[in-house]
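Heads up, the thing below is written out as structure tokens.
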Amino acid sequence: MQIQRFEFNLFGENTYVIYDAESLEAAVIDPGMSDAQEVNKLSGYIKGHSLKLKYILLTHAHIDHTFGIDALRVMYPDVPVVGHKADLPLAANRVQQAKMFHLPINVTPLEMDRFVDDKSILTLGKEEIKVISTPGHSPGGVCYYIPSAGMVITGDTLFAGSIGRVDLPGGNGTALLNSVRNKLMSLPPSTIVYPGHGPATTISREEHTNPFLR
């Protein structure tokens, strides 16, 4: 599995493109593009690598991770937006989210086309993506784990040296720590962690150095 990271919008959000090198089937994870330049950067990468977009995957429905949904819907109308059902209230309230951060932008409620949970397995070519439900930062937070590549995309659940904030609507500190300790820390230590903000890390590094897990 190949992965490309883009840093978008004023929140410094990480948007990822993952794809199977053989079939060129691809997914965009957390499209955070907030202007035409960022949209063109992402779409140019997809077109330049002749990728076949199969999914738009959400780790959660906070606005900084969904800015680019509308643009992708226009460019790829048949590609489903995939996320956890528990984040539907957040998805429906993107206007309120924008107001909370005093963002002078026009957004619409977000609709998901397909729901995933802990039992879900997605595919890109022959590659499997296992969904890990990790509530806490938001009620419907999920991570996408690719065992064959030894990597997990964690959204705002786990960062290098930190964990997600829980002071936004739907946040739950106890649930978040349970998700990180009982689910993510059970992954192989060498697993590379690609978070929703900031640099990549590994499960081993966070297990031994993350102050929130001590």
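Every chain in the structure tokens takes a letter, A first, then B, and so on in the order presented; its residues are numbered from 1, and the ligands are numbered from 1 following the presented order.
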
Near Ala91 (chain A), counting only C-alpha atoms, which residues have an atom at most 10 Å away, once you skip same-chain residues fewer than 6 positions from it, shown as a list in words?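 Here the answer would be His60, Ala61, His62, Ile63, Thr66, Gly83, Lys85, Gln97, Thr108, Pro109, Leu110, Glu111 and Met112 of chain A.
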
Using DSSP on the backbone coordinates, identify the residues of region 51-136 of chain A assigned to alpha helix (DSSP H); present them as a list in words.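 Listing alpha helix (DSSP H) positions across region 51-136 of chain A yields Ile69, Asp70, Ala71, Leu72, Arg73, Val74, Met75, Leu88, Pro89, Leu90, Ala91, Ala92, Arg94, Val95, Gln96, Gln97, Ala98, Lys99 and Met100 of chain A.
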
Keeping only C-alpha atoms, write the selected residues to a file as a PDB file, in the first residue's frame.
ATOM      1  CA  ILE A  69     -15.950  16.847   0.715  1.00  0.00           C
ATOM      2  CA  ASP A  70     -18.059  19.065  -1.545  1.00  0.00           C
ATOM      3  CA  ALA A  71     -15.283  19.433  -4.126  1.00  0.00           C
ATOM      4  CA  LEU A  72     -14.683  15.688  -4.231  1.00  0.00           C
ATOM      5  CA  ARG A  73     -18.407  15.042  -4.604  1.00  0.00           C
ATOM      6  CA  VAL A  74     -18.403  17.184  -7.744  1.00  0.00           C
ATOM      7  CA  MET A  75     -15.310  15.553  -9.231  1.00  0.00           C
ATOM      8  CA  LEU A  88     -23.874  11.705  11.800  1.00  0.00           C
ATOM      9  CA  PRO A  89     -24.855  14.526  14.224  1.00  0.00           C
ATOM     10  CA  LEU A  90     -21.455  16.160  13.707  1.00  0.00           C
ATOM     11  CA  ALA A  91     -21.737  15.700   9.958  1.00  0.00           C
ATOM     12  CA  ALA A  92     -25.163  17.335   9.950  1.00  0.00           C
ATOM     13  CA  ARG A  94     -20.975  21.499   9.934  1.00  0.00           C
ATOM     14  CA  VAL A  95     -22.530  24.973   9.771  1.00  0.00           C
ATOM     15  CA  GLN A  96     -22.506  25.175  13.560  1.00  0.00           C
ATOM     16  CA  GLN A  97     -18.944  23.852  13.627  1.00  0.00           C
ATOM     17  CA  ALA A  98     -17.851  26.655  11.286  1.00  0.00           C
ATOM     18  CA  LYS A  99     -19.533  29.247  13.503  1.00  0.00           C
ATOM     19  CA  MET A 100     -17.877  27.796  16.616  1.00  0.00           C
TER      20      MET A 100
END

Given the choices A:Asn210, A:Ser204, A:Asn9, A:Ser34, which gets closest to Thr191 (chain A) if the distance is worked out from only C-alpha atoms?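 Distance minimum relative to Thr191 (chain A) lands on A:Ser204.
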
Which residue is closest to Glu206 (chain A)? Choose from A:Pro147, A:Pro31, A:Gly171, A:Gly161 and count only C-alpha atoms.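 So, comparing all the options, the nearest one is A:Gly161.
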
Using only C-alpha atoms, what does the table of region 15-62 of chain A residues within 12 Å of region 116-119 of chain A look like, with each row giving the shortest atom pair and its distance in Å to one decimal, sorted by chain and ascending number, as a tab-separated table?
residue	atom	partner	partner_atom	distance
A:Leu57	CA	A:Val116	CA	9.8
A:Leu58	CA	A:Val116	CA	9.9
A:Thr59	CA	A:Val116	CA	10.4
A:His60	CA	A:Val116	CA	11.4

Check the smallest atom-to-atom distance from each of A:Leu187, A:Leu177, A:Val107, A:Ile163 to Ile132 (chain A) using only C-alpha atoms, then report the winner.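 Nearest to Ile132 (chain A): A:Leu187.
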
One decimal place gives the CA of Tyr145 (chain A)-CA of Leu51 (chain A) separation as 20.5 Å

Region 11-163 of chain A: residues DSSP assigns to strand (DSSP E), reported as a ChimeraX atom specification: /A:13-19,25-29,52-57,81-83,114-115,121-124,127-133,142-146,151-155,158-159,162-163

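Residues within 8 Å of region 165-170 of chain A, counting only C-alpha atoms and excluding same-chain residues fewer than 5 positions away, are A:Gly136, A:His137, A:Ser138, A:Pro139, A:Asp156, A:Leu176.
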
How far is it from CA of Thr15 (chain A) to CA of Arg114 (chain A), in Å with one decimal?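 Calculated distance between CA of Thr15 (chain A) and CA of Arg114 (chain A) is 19.6 Å.
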
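Interatomic distance, CA of Val131 (chain A) against CA of Cys143 (chain A): 5.9 Å.
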
Would you kindly return, as a count of residues only, each protein, DNA or RNA residue with an atom no farther than 8 Å from any atom of Gly155 (chain A), considering only C-alpha atoms and excluding same-chain residues fewer than 5 positions away? 10

For Tyr16 (chain A), please output as a ChimeraX atom specification all residues within 8 Å (counting only C-alpha atoms; exclusion window: fewer than 6 positions along the same chain). /A:3-6,28-31
